[in-house]
file protein.cif (mmCIF, C-alpha atoms)
data_final
#
loop_
_atom_site.label_atom_id
_atom_site.label_comp_id
_atom_site.auth_asym_id
_atom_site.auth_seq_id
_atom_site.Cartn_x
_atom_site.Cartn_y
_atom_site.Cartn_z
CA MET A 1 -9.77 14.75 -5.86
CA ASN A 2 -9.64 16.35 -2.43
CA CYS A 3 -6.52 18.46 -1.88
CA ILE A 4 -4.80 20.68 0.65
CA ILE A 5 -2.31 23.51 0.15
CA ILE A 6 0.70 23.99 2.44
CA ASP A 7 2.65 27.21 1.99
CA ASP A 8 3.76 29.90 4.44
CA ASP A 9 3.14 32.58 1.79
CA GLU A 10 -0.50 33.66 1.67
CA ILE A 11 -0.22 35.02 -1.90
CA ALA A 12 1.30 31.72 -3.08
CA ARG A 13 -1.60 29.80 -1.49
CA LEU A 14 -4.09 32.09 -3.20
CA ILE A 15 -2.47 31.54 -6.62
CA VAL A 16 -2.56 27.73 -6.26
CA LYS A 17 -6.16 27.91 -5.05
CA LYS A 18 -7.21 29.97 -8.09
CA LEU A 19 -5.48 27.54 -10.44
CA CYS A 20 -7.23 24.61 -8.73
CA ASN A 21 -10.63 26.30 -8.96
CA LYS A 22 -10.35 26.21 -12.76
CA ILE A 23 -10.09 22.40 -12.77
CA ASP A 24 -13.29 20.46 -12.08
CA SER A 25 -11.56 17.36 -10.75
CA ILE A 26 -9.73 19.27 -7.98
CA THR A 27 -11.35 20.37 -4.72
CA ILE A 28 -9.36 22.33 -2.14
CA VAL A 29 -10.62 21.29 1.29
CA LYS A 30 -8.06 23.07 3.48
CA GLU A 31 -5.00 25.32 3.36
CA PHE A 32 -2.18 25.68 5.88
CA SER A 33 0.57 28.20 6.50
CA ASN A 34 2.77 25.63 8.27
CA ALA A 35 3.44 21.92 7.92
CA ILE A 36 2.86 21.02 11.58
CA GLU A 37 -0.82 21.99 11.43
CA ALA A 38 -1.17 20.07 8.18
CA ILE A 39 0.26 16.92 9.80
CA LYS A 40 -2.30 17.20 12.61
CA TYR A 41 -5.05 17.47 10.01
CA LEU A 42 -3.79 14.46 8.03
CA ASN A 43 -3.69 12.34 11.18
CA LYS A 44 -7.48 12.63 11.27
CA ASN A 45 -8.40 13.10 7.60
CA THR A 46 -7.63 11.43 4.27
CA ILE A 47 -6.90 13.51 1.20
CA ASP A 48 -5.71 12.71 -2.32
CA VAL A 49 -3.14 15.41 -3.09
CA VAL A 50 -0.97 17.94 -1.28
CA PHE A 51 0.33 21.09 -2.97
CA LEU A 52 3.45 21.57 -0.88
CA ASP A 53 6.00 24.38 -0.62
CA ILE A 54 9.55 23.18 0.06
CA HIS A 55 10.89 26.22 1.93
CA MET A 56 8.98 26.91 5.14
CA PRO A 57 10.19 28.18 8.53
CA SER A 58 11.53 25.48 10.89
CA PHE A 59 9.89 22.56 9.01
CA SER A 60 10.60 22.05 5.31
CA GLY A 61 8.48 20.27 2.73
CA PHE A 62 10.85 17.29 2.82
CA ASP A 63 10.58 17.16 6.62
CA PHE A 64 6.81 17.05 6.15
CA ILE A 65 6.97 14.09 3.72
CA GLN A 66 9.35 12.14 5.93
CA SER A 67 7.12 12.61 8.97
CA LEU A 68 4.23 10.73 7.30
CA ALA A 69 4.07 6.94 7.34
CA LYS A 70 1.99 6.90 4.15
CA PRO A 71 2.18 10.29 2.46
CA PRO A 72 -0.49 11.14 -0.13
CA LYS A 73 0.46 12.25 -3.62
CA ILE A 74 2.52 15.43 -3.55
CA ILE A 75 2.92 18.27 -6.06
CA LEU A 76 5.80 20.46 -4.91
CA THR A 77 5.59 24.22 -5.38
CA THR A 78 8.82 26.17 -4.91
CA SER A 79 10.86 29.11 -6.15
CA ASP A 80 14.02 26.97 -5.98
CA LYS A 81 15.02 24.76 -8.93
CA ASN A 82 17.86 23.08 -7.03
CA PHE A 83 15.82 20.39 -5.30
CA ALA A 84 14.31 18.73 -8.38
CA ILE A 85 16.65 15.72 -8.36
CA ARG A 86 16.13 15.12 -4.64
CA ALA A 87 12.38 15.49 -5.03
CA PHE A 88 12.01 12.54 -7.35
CA GLU A 89 13.66 10.21 -4.85
CA TYR A 90 10.20 10.12 -3.26
CA ASP A 91 7.59 7.89 -4.89
CA CYS A 92 4.76 10.08 -3.60
CA ILE A 93 5.95 13.18 -5.51
CA VAL A 94 4.08 13.57 -8.79
CA ASP A 95 5.53 16.85 -10.06
CA TYR A 96 7.80 19.80 -9.22
CA LEU A 97 6.39 23.26 -10.00
CA VAL A 98 8.71 26.27 -9.97
CA LYS A 99 7.16 29.62 -9.01
CA PRO A 100 5.74 31.66 -10.61
CA ILE A 101 3.44 28.84 -11.72
CA THR A 102 1.81 29.31 -15.10
CA PRO A 103 -1.67 27.89 -15.86
CA LYS A 104 -0.20 25.76 -18.67
CA ARG A 105 2.44 24.20 -16.41
CA PHE A 106 -0.10 23.67 -13.65
CA THR A 107 -2.45 21.84 -16.02
CA LYS A 108 0.42 19.59 -17.09
CA ALA A 109 1.00 18.65 -13.42
CA ILE A 110 -2.68 17.77 -12.99
CA ASP A 111 -2.51 15.63 -16.14
CA LYS A 112 0.41 13.73 -14.61
CA LEU A 113 -1.62 13.29 -11.46
CA ALA A 114 -4.57 11.90 -13.42
CA LEU A 115 -2.32 9.44 -15.28
CA LYS A 116 -0.89 8.21 -11.99
CA GLU A 117 -4.40 7.71 -10.60
CA ILE A 118 -5.37 5.64 -13.66
CA SER A 119 -2.24 3.48 -13.42
CA VAL A 120 -2.92 2.74 -9.75
CA VAL A 121 -6.49 1.66 -10.50
CA VAL A 122 -5.31 -0.60 -13.33
CA GLU A 123 -2.66 -2.18 -11.10
CA GLU A 124 -5.22 -2.78 -8.35
CA LYS A 125 -7.77 -4.32 -10.69
CA THR A 126 -5.41 -6.37 -12.85
CA PRO A 127 -2.34 -7.35 -10.85
CA ILE A 128 0.25 -8.96 -13.10
CA ASP A 129 0.98 -11.82 -10.69
CA SER A 130 -2.61 -12.54 -9.69
CA PHE A 131 -3.51 -16.21 -10.25
CA ASP A 132 -5.99 -18.57 -8.64
CA TYR A 133 -3.70 -21.54 -9.23
CA LEU A 134 -0.06 -22.57 -9.09
CA TYR A 135 2.03 -25.43 -10.49
CA VAL A 136 4.33 -27.69 -8.48
CA SER A 137 6.98 -30.12 -9.68
CA LEU A 138 6.10 -33.61 -8.51
CA GLU A 139 7.58 -36.89 -9.74
CA LYS A 140 8.93 -35.23 -12.93
CA ARG A 141 5.51 -33.75 -13.68
CA LEU A 142 4.00 -30.29 -13.28
CA ILE A 143 0.84 -30.53 -11.20
CA LYS A 144 -1.74 -27.72 -11.13
CA ILE A 145 -3.12 -26.80 -7.70
CA ASP A 146 -6.12 -24.53 -7.23
CA ILE A 147 -5.09 -21.96 -4.62
CA PRO A 148 -8.57 -21.62 -3.02
CA LYS A 149 -8.45 -25.37 -2.24
CA ILE A 150 -5.25 -25.02 -0.20
CA TYR A 151 -6.04 -24.87 3.51
CA LEU A 152 -2.61 -25.44 5.06
CA VAL A 153 1.08 -25.40 4.14
CA GLU A 154 3.63 -26.92 6.50
CA ALA A 155 7.42 -26.71 6.26
CA LYS A 156 9.23 -30.02 6.68
CA GLY A 157 13.00 -29.56 6.33
CA ASP A 158 13.78 -29.01 2.65
CA TYR A 159 10.19 -29.78 1.71
CA ILE A 160 6.74 -28.32 2.20
CA ASN A 161 3.48 -30.19 2.62
CA ILE A 162 0.69 -28.45 0.71
CA LYS A 163 -2.63 -29.67 2.09
CA THR A 164 -5.68 -29.18 -0.11
CA THR A 165 -9.30 -30.28 0.13
CA LYS A 166 -8.50 -33.03 -2.41
CA ARG A 167 -5.07 -34.35 -1.35
CA ASP A 168 -1.64 -33.47 0.06
CA TYR A 169 1.40 -32.57 -2.03
CA ILE A 170 4.95 -32.99 -0.67
CA VAL A 171 7.08 -30.58 -2.69
CA HIS A 172 10.79 -29.71 -2.61
CA SER A 173 10.51 -26.00 -1.84
CA THR A 174 10.47 -23.48 1.01
CA LEU A 175 7.70 -21.80 2.95
CA ARG A 176 8.97 -18.41 1.81
CA LYS A 177 8.63 -19.29 -1.88
CA ILE A 178 5.05 -20.46 -1.64
CA GLU A 179 4.14 -17.54 0.64
CA GLU A 180 5.06 -15.19 -2.23
CA LYS A 181 2.60 -17.03 -4.49
CA LEU A 182 -0.38 -17.03 -2.11
CA PRO A 183 -2.80 -14.06 -1.87
CA PRO A 184 -2.09 -12.26 1.44
CA GLU A 185 -5.75 -11.36 1.94
CA THR A 186 -6.58 -15.09 2.24
CA PHE A 187 -3.43 -16.67 3.66
CA ILE A 188 -1.36 -15.84 6.72
CA LYS A 189 1.86 -17.25 8.15
CA VAL A 190 0.91 -18.07 11.75
CA HIS A 191 4.16 -19.79 12.73
CA ARG A 192 7.64 -20.18 11.27
CA SER A 193 6.56 -23.57 9.88
CA PHE A 194 2.91 -22.98 8.95
CA ILE A 195 0.79 -20.94 6.53
CA ILE A 196 -2.99 -21.27 6.79
CA ASN A 197 -6.05 -20.32 4.76
CA ILE A 198 -8.01 -17.93 6.99
CA SER A 199 -11.35 -19.02 5.54
CA GLU A 200 -10.68 -22.61 6.72
CA ILE A 201 -10.24 -21.76 10.41
CA VAL A 202 -12.60 -23.73 12.64
CA ASP A 203 -11.40 -22.66 16.07
CA ILE A 204 -8.75 -20.58 17.89
CA GLU A 205 -7.78 -21.49 21.43
CA ASP A 206 -4.91 -19.91 23.31
CA PHE A 207 -1.99 -20.23 20.87
CA THR A 208 -3.31 -22.92 18.56
CA VAL A 209 -5.54 -22.78 15.49
CA LEU A 210 -7.78 -25.56 14.25
CA VAL A 211 -7.75 -25.52 10.43
CA ARG A 212 -10.17 -28.15 9.20
CA LYS A 213 -8.90 -31.12 11.27
CA SER A 214 -5.32 -29.90 11.69
CA VAL A 215 -4.15 -28.25 14.91
CA VAL A 216 -1.55 -25.59 14.09
CA PRO A 217 0.65 -23.59 16.51
CA LEU A 218 -0.01 -19.84 16.58
CA SER A 219 2.86 -17.50 17.42
CA ARG A 220 2.08 -14.81 19.98
CA PRO A 221 2.88 -11.77 17.75
CA ILE A 222 0.62 -13.07 14.95
CA LYS A 223 -2.44 -13.82 17.09
CA THR A 224 -3.55 -10.17 17.33
CA GLU A 225 -3.25 -9.67 13.57
CA LEU A 226 -5.11 -12.90 12.86
CA VAL A 227 -8.01 -12.03 15.17
CA ARG A 228 -8.19 -8.55 13.61
CA ARG A 229 -8.67 -10.08 10.16
CA LEU A 230 -11.46 -12.45 11.19
CA ASN A 231 -15.10 -11.60 10.57
CA LEU A 232 -16.03 -11.32 14.25
CA LEU A 233 -19.62 -10.88 15.41
#

call {"tool": "encode", "arguments": {"input": "protein.cif", "output": "C-alpha coordinates"}}
result
Amino acid sequence: MNCIIIDDDEIARLIVKKLCNKIDSITIVKEFSNAIEAIKYLNKNTIDVVFLDIHMPSFSGFDFIQSLAKPPKIILTTSDKNFAIRAFEYDCIVDYLVKPITPKRFTKAIDKLALKEISVVVEEKTPIDSFDYLYVSLEKRLIKIDIPKIYLVEAKGDYINIKTTKRDYIVHSTLRKIEEKLPPETFIKVHRSFIINISEIVDIEDFTVLVRKSVVPLSRPIKTELVRRLNLL
(Lines of atoms letter the chains of each structure in order from A and count residues from 1; the text may use other names and numbers.)
(Lines give C-alpha, C1' and ligand atoms only; values in the text may rest on other atoms or scores of the structure.)
Protein backbone atom coordinates (compact mmCIF):
# COMPACT_ATOMS: atom_id res chain seq x y z
CA MET A 1 0.00 0.00 0.00
CA ASN A 2 1.28 3.44 -0.97
CA CYS A 3 1.19 5.93 1.91
CA ILE A 4 2.03 9.50 2.82
CA ILE A 5 2.88 11.04 6.19
CA ILE A 6 1.55 14.46 7.24
CA ASP A 7 3.03 15.92 10.41
CA ASP A 8 4.62 19.30 11.18
CA ASP A 9 7.11 17.60 13.52
CA GLU A 10 10.11 16.20 11.64
CA ILE A 11 10.99 13.73 14.43
CA ALA A 12 7.41 12.41 14.47
CA ARG A 13 7.55 11.88 10.68
CA LEU A 14 10.84 10.02 11.04
CA ILE A 15 9.40 7.70 13.72
CA VAL A 16 6.36 6.81 11.57
CA LYS A 17 8.62 6.28 8.56
CA LYS A 18 10.86 3.87 10.51
CA LEU A 19 7.83 1.93 11.74
CA CYS A 20 6.50 1.70 8.18
CA ASN A 21 9.84 0.50 6.83
CA LYS A 22 9.55 -2.60 9.01
CA ILE A 23 6.30 -3.64 7.30
CA ASP A 24 6.60 -5.08 3.79
CA SER A 25 3.08 -4.13 2.71
CA ILE A 26 3.62 -0.40 3.42
CA THR A 27 5.51 1.96 1.10
CA ILE A 28 5.98 5.61 2.04
CA VAL A 29 5.93 7.63 -1.18
CA LYS A 30 5.92 11.15 0.27
CA GLU A 31 5.96 13.10 3.53
CA PHE A 32 4.66 16.58 4.27
CA SER A 33 5.12 19.10 7.06
CA ASN A 34 1.78 20.78 6.33
CA ALA A 35 -1.64 19.66 5.13
CA ILE A 36 -1.97 22.22 2.31
CA GLU A 37 0.96 20.75 0.37
CA ALA A 38 -0.46 17.28 0.93
CA ILE A 39 -3.82 18.32 -0.53
CA LYS A 40 -2.06 19.63 -3.65
CA TYR A 41 -0.29 16.30 -3.98
CA LEU A 42 -3.50 14.28 -3.56
CA ASN A 43 -5.23 16.34 -6.24
CA LYS A 44 -2.79 14.81 -8.73
CA ASN A 45 -1.93 11.45 -7.14
CA THR A 46 -3.79 8.49 -5.65
CA ILE A 47 -2.57 6.85 -2.46
CA ASP A 48 -3.97 4.18 -0.16
CA VAL A 49 -3.28 5.49 3.35
CA VAL A 50 -2.45 8.75 5.11
CA PHE A 51 -0.67 8.85 8.47
CA LEU A 52 -2.06 12.16 9.70
CA ASP A 53 -1.26 14.36 12.69
CA ILE A 54 -4.28 16.15 14.15
CA HIS A 55 -2.56 19.25 15.56
CA MET A 56 -0.84 21.31 12.87
CA PRO A 57 -0.46 25.09 12.50
CA SER A 58 -3.40 26.85 10.80
CA PHE A 59 -4.85 23.66 9.25
CA SER A 60 -5.74 20.70 11.47
CA GLY A 61 -6.00 17.04 10.53
CA PHE A 62 -9.79 17.27 10.62
CA ASP A 63 -9.68 20.31 8.32
CA PHE A 64 -7.59 18.21 5.95
CA ILE A 65 -10.12 15.33 5.90
CA GLN A 66 -13.07 17.67 5.36
CA SER A 67 -11.33 19.38 2.44
CA LEU A 68 -11.20 16.11 0.44
CA ALA A 69 -14.20 14.93 -1.57
CA LYS A 70 -13.07 11.30 -1.29
CA PRO A 71 -10.45 10.98 1.43
CA PRO A 72 -8.24 7.88 1.44
CA LYS A 73 -7.95 5.69 4.51
CA ILE A 74 -6.56 7.63 7.46
CA ILE A 75 -4.53 6.56 10.49
CA LEU A 76 -4.40 9.47 12.92
CA THR A 77 -1.22 10.12 14.90
CA THR A 78 -1.51 12.54 17.81
CA SER A 79 -0.32 13.30 21.33
CA ASP A 80 -3.90 14.21 22.32
CA LYS A 81 -6.33 11.50 23.49
CA ASN A 82 -9.31 13.86 23.57
CA PHE A 83 -10.29 13.59 19.91
CA ALA A 84 -10.81 9.82 19.72
CA ILE A 85 -14.61 9.97 19.80
CA ARG A 86 -14.74 12.69 17.14
CA ALA A 87 -12.26 10.80 15.00
CA PHE A 88 -14.50 7.79 14.52
CA GLU A 89 -17.30 9.92 13.14
CA TYR A 90 -15.34 9.70 9.89
CA ASP A 91 -15.66 6.48 7.88
CA CYS A 92 -12.22 6.97 6.35
CA ILE A 93 -10.42 6.83 9.73
CA VAL A 94 -9.06 3.35 10.41
CA ASP A 95 -7.26 3.93 13.72
CA TYR A 96 -6.17 6.53 16.27
CA LEU A 97 -2.55 6.29 17.45
CA VAL A 98 -1.45 8.26 20.51
CA LYS A 99 2.20 9.40 20.60
CA PRO A 100 4.66 8.03 21.51
CA ILE A 101 3.68 5.22 19.15
CA THR A 102 4.96 1.79 20.09
CA PRO A 103 5.82 -0.83 17.43
CA LYS A 104 3.19 -3.19 18.88
CA ARG A 105 0.42 -0.58 18.68
CA PHE A 106 1.50 0.45 15.20
CA THR A 107 1.35 -3.15 13.98
CA LYS A 108 -2.17 -3.45 15.38
CA ALA A 109 -3.21 -0.39 13.34
CA ILE A 110 -1.78 -1.93 10.17
CA ASP A 111 -3.67 -5.16 10.91
CA LYS A 112 -6.89 -3.13 11.13
CA LEU A 113 -6.02 -1.52 7.84
CA ALA A 114 -5.46 -4.91 6.19
CA LEU A 115 -8.80 -6.22 7.50
CA LYS A 116 -10.58 -3.18 6.09
CA GLU A 117 -8.92 -3.73 2.71
CA ILE A 118 -10.09 -7.36 2.66
CA SER A 119 -13.67 -6.42 3.60
CA VAL A 120 -13.82 -3.85 0.79
CA VAL A 121 -12.63 -6.41 -1.77
CA VAL A 122 -15.20 -8.94 -0.57
CA GLU A 123 -17.99 -6.37 -0.75
CA GLU A 124 -16.95 -5.38 -4.28
CA LYS A 125 -16.75 -8.95 -5.52
CA THR A 126 -19.82 -10.34 -3.77
CA PRO A 127 -22.38 -7.57 -3.24
CA ILE A 128 -25.23 -8.81 -1.07
CA ASP A 129 -27.94 -7.32 -3.28
CA SER A 130 -26.42 -8.29 -6.62
CA PHE A 131 -28.89 -10.27 -8.76
CA ASP A 132 -29.35 -10.74 -12.49
CA TYR A 133 -33.10 -11.12 -12.09
CA LEU A 134 -36.06 -9.68 -10.20
CA TYR A 135 -39.62 -10.80 -9.44
CA VAL A 136 -42.76 -8.76 -10.08
CA SER A 137 -46.30 -9.33 -8.84
CA LEU A 138 -48.61 -9.79 -11.80
CA GLU A 139 -52.15 -11.16 -11.76
CA LYS A 140 -51.63 -12.74 -8.30
CA ARG A 141 -48.46 -14.45 -9.49
CA LEU A 142 -44.76 -13.73 -9.01
CA ILE A 143 -43.08 -13.47 -12.40
CA LYS A 144 -39.30 -13.72 -12.80
CA ILE A 145 -37.70 -11.16 -15.13
CA ASP A 146 -34.09 -11.41 -16.30
CA ILE A 147 -32.56 -7.97 -15.72
CA PRO A 148 -30.24 -8.08 -18.78
CA LYS A 149 -33.35 -8.50 -20.98
CA ILE A 150 -34.89 -5.25 -19.74
CA TYR A 151 -34.25 -2.43 -22.20
CA LEU A 152 -36.68 0.23 -20.98
CA VAL A 153 -38.82 1.11 -17.95
CA GLU A 154 -41.50 3.78 -18.25
CA ALA A 155 -43.53 5.33 -15.43
CA LYS A 156 -47.27 5.48 -16.07
CA GLY A 157 -49.09 7.01 -13.09
CA ASP A 158 -49.16 4.43 -10.30
CA TYR A 159 -47.71 1.80 -12.63
CA ILE A 160 -44.51 1.11 -14.51
CA ASN A 161 -44.13 -0.55 -17.89
CA ILE A 162 -41.11 -2.87 -17.89
CA LYS A 163 -40.16 -3.56 -21.49
CA THR A 164 -38.03 -6.63 -22.15
CA THR A 165 -36.81 -8.37 -25.28
CA LYS A 166 -39.55 -10.99 -24.74
CA ARG A 167 -42.60 -8.96 -23.63
CA ASP A 168 -43.86 -5.98 -21.62
CA TYR A 169 -44.93 -6.11 -17.97
CA ILE A 170 -47.31 -3.51 -16.50
CA VAL A 171 -46.62 -3.53 -12.76
CA HIS A 172 -48.07 -1.55 -9.85
CA SER A 173 -44.88 0.10 -8.61
CA THR A 174 -42.76 3.25 -8.92
CA LEU A 175 -39.75 4.15 -11.02
CA ARG A 176 -37.75 4.78 -7.86
CA LYS A 177 -38.33 1.26 -6.54
CA ILE A 178 -37.19 -0.49 -9.68
CA GLU A 179 -34.25 1.91 -10.08
CA GLU A 180 -32.92 0.61 -6.74
CA LYS A 181 -33.02 -2.95 -8.11
CA LEU A 182 -31.25 -2.27 -11.42
CA PRO A 183 -27.43 -2.25 -11.72
CA PRO A 184 -26.32 1.40 -12.13
CA GLU A 185 -23.46 0.46 -14.44
CA THR A 186 -26.00 -0.78 -17.02
CA PHE A 187 -29.10 1.34 -16.43
CA ILE A 188 -29.57 5.09 -16.26
CA LYS A 189 -32.57 7.31 -15.53
CA VAL A 190 -32.63 9.66 -18.53
CA HIS A 191 -35.90 11.42 -17.70
CA ARG A 192 -38.27 11.63 -14.74
CA SER A 193 -40.42 8.94 -16.41
CA PHE A 194 -37.83 6.71 -18.10
CA ILE A 195 -34.98 4.35 -17.23
CA ILE A 196 -33.04 2.78 -20.10
CA ASN A 197 -30.52 -0.01 -20.62
CA ILE A 198 -27.41 1.73 -21.96
CA SER A 199 -26.37 -1.32 -24.00
CA GLU A 200 -29.66 -1.12 -25.96
CA ILE A 201 -29.17 2.45 -27.22
CA VAL A 202 -29.37 2.68 -31.02
CA ASP A 203 -29.13 6.43 -31.51
CA ILE A 204 -28.96 9.77 -29.65
CA GLU A 205 -30.21 12.91 -31.36
CA ASP A 206 -30.56 16.25 -29.63
CA PHE A 207 -32.56 15.40 -26.49
CA THR A 208 -34.02 12.05 -27.47
CA VAL A 209 -32.66 8.52 -27.27
CA LEU A 210 -33.63 5.63 -29.51
CA VAL A 211 -33.67 2.45 -27.41
CA ARG A 212 -34.43 -0.47 -29.70
CA LYS A 213 -37.55 0.94 -31.43
CA SER A 214 -38.63 3.26 -28.61
CA VAL A 215 -37.92 6.99 -28.73
CA VAL A 216 -37.28 8.27 -25.20
CA PRO A 217 -36.90 11.89 -24.01
CA LEU A 218 -33.47 12.78 -22.63
CA SER A 219 -33.21 15.48 -19.97
CA ARG A 220 -30.53 18.10 -20.55
CA PRO A 221 -28.55 17.50 -17.29
CA ILE A 222 -28.34 13.75 -17.96
CA LYS A 223 -27.14 13.96 -21.57
CA THR A 224 -23.53 14.77 -20.64
CA GLU A 225 -23.36 11.89 -18.16
CA LEU A 226 -24.91 9.48 -20.66
CA VAL A 227 -22.48 10.40 -23.44
CA ARG A 228 -19.57 10.06 -21.00
CA ARG A 229 -20.59 6.47 -20.22
CA LEU A 230 -20.87 5.38 -23.85
CA ASN A 231 -18.08 3.49 -25.57
CA LEU A 232 -17.25 6.26 -28.05
CA LEU A 233 -14.79 5.78 -30.90

call {"tool": "resolve_selection", "arguments": {"input": "protein.cif", "expression": "the PyMOL selection byres ((chain A and resi 31) around 10)", "output": "PDB file with C-alpha atoms, keeping the file's coordinate frame"}}
result
ATOM      1  CA  CYS A   3      -6.520  18.460  -1.880  1.00  0.00           C
ATOM      2  CA  ILE A   4      -4.800  20.680   0.650  1.00  0.00           C
ATOM      3  CA  ILE A   5      -2.310  23.510   0.150  1.00  0.00           C
ATOM      4  CA  ILE A   6       0.700  23.990   2.440  1.00  0.00           C
ATOM      5  CA  ASP A   7       2.650  27.210   1.990  1.00  0.00           C
ATOM      6  CA  ASP A   8       3.760  29.900   4.440  1.00  0.00           C
ATOM      7  CA  GLU A  10      -0.500  33.660   1.670  1.00  0.00           C
ATOM      8  CA  ARG A  13      -1.600  29.800  -1.490  1.00  0.00           C
ATOM      9  CA  LEU A  14      -4.090  32.090  -3.200  1.00  0.00           C
ATOM     10  CA  LYS A  17      -6.160  27.910  -5.050  1.00  0.00           C
ATOM     11  CA  ILE A  28      -9.360  22.330  -2.140  1.00  0.00           C
ATOM     12  CA  VAL A  29     -10.620  21.290   1.290  1.00  0.00           C
ATOM     13  CA  LYS A  30      -8.060  23.070   3.480  1.00  0.00           C
ATOM     14  CA  PHE A  32      -2.180  25.680   5.880  1.00  0.00           C
ATOM     15  CA  SER A  33       0.570  28.200   6.500  1.00  0.00           C
ATOM     16  CA  ASN A  34       2.770  25.630   8.270  1.00  0.00           C
ATOM     17  CA  GLU A  37      -0.820  21.990  11.430  1.00  0.00           C
ATOM     18  CA  ALA A  38      -1.170  20.070   8.180  1.00  0.00           C
ATOM     19  CA  VAL A  50      -0.970  17.940  -1.280  1.00  0.00           C
ATOM     20  CA  PHE A  51       0.330  21.090  -2.970  1.00  0.00           C
TER      21      PHE A  51
END

call {"tool": "residues_around", "arguments": {"input": "protein.cif", "residues": "Phe83 (chain A)", "least_positions_apart": "6", "cutoff": "12 Å", "atoms": "all atoms listed in the file", "output": "list in words"}}
result
Asp53, Ile54, His55, Ser60, Gly61, Phe62, Leu76, Thr77, Glu89, Tyr90, Asp95, Tyr96, Leu97 and Val98 of chain A

call {"tool": "closest_residue", "arguments": {"input": "protein.cif", "among": "A:Lys189, A:Lys18, A:Lys73, A:Lys156", "to": "Ala114 (chain A)", "atoms": "all atoms listed in the file"}}
result
A:Lys73

call {"tool": "resolve_selection", "arguments": {"input": "protein.cif", "expression": "the PyMOL selection byres ((chain A and resi 141-150) around 8)", "output": "PyMOL selection string"}}
result
chain A and resi 132-140+151-153+162-166+182+197

call {"tool": "resolve_selection", "arguments": {"input": "protein.cif", "expression": "the PyMOL selection byres ((chain A and resi 217) around 9)", "output": "ChimeraX atom specification"}}
result
/A:190-191,193-194,207-210,215-216,218-219

call {"tool": "atom_distance", "arguments": {"input": "protein.cif", "atom1": "CA of Asp203 (chain A)", "atom2": "CA of Lys181 (chain A)"}}
result
25.5 Å

call {"tool": "atom_distance", "arguments": {"input": "protein.cif", "atom1": "CA of Asp63 (chain A)", "atom2": "CA of Ile101 (chain A)"}}
result
22.9 Å

call {"tool": "atom_distance", "arguments": {"input": "protein.cif", "atom1": "CA of Lys44 (chain A)", "atom2": "CA of Asp9 (chain A)"}}
result
24.5 Å

call {"tool": "closest_residue", "arguments": {"input": "protein.cif", "among": "A:Cys92, A:Ile198, A:Glu180, A:Asn2", "to": "Asn45 (chain A)", "atoms": "only C-alpha atoms"}}
result
A:Asn2

call {"tool": "closest_residue", "arguments": {"input": "protein.cif", "among": "A:Ile47, A:Ile188, A:Ala87, A:Ile196", "to": "Asn161 (chain A)", "atoms": "all atoms listed in the file"}}
result
A:Ile196

call {"tool": "closest_residue", "arguments": {"input": "protein.cif", "among": "A:Ile11, A:Met56, A:Val94, A:Ile160", "to": "Ile178 (chain A)", "atoms": "all atoms listed in the file"}}
result
A:Ile160
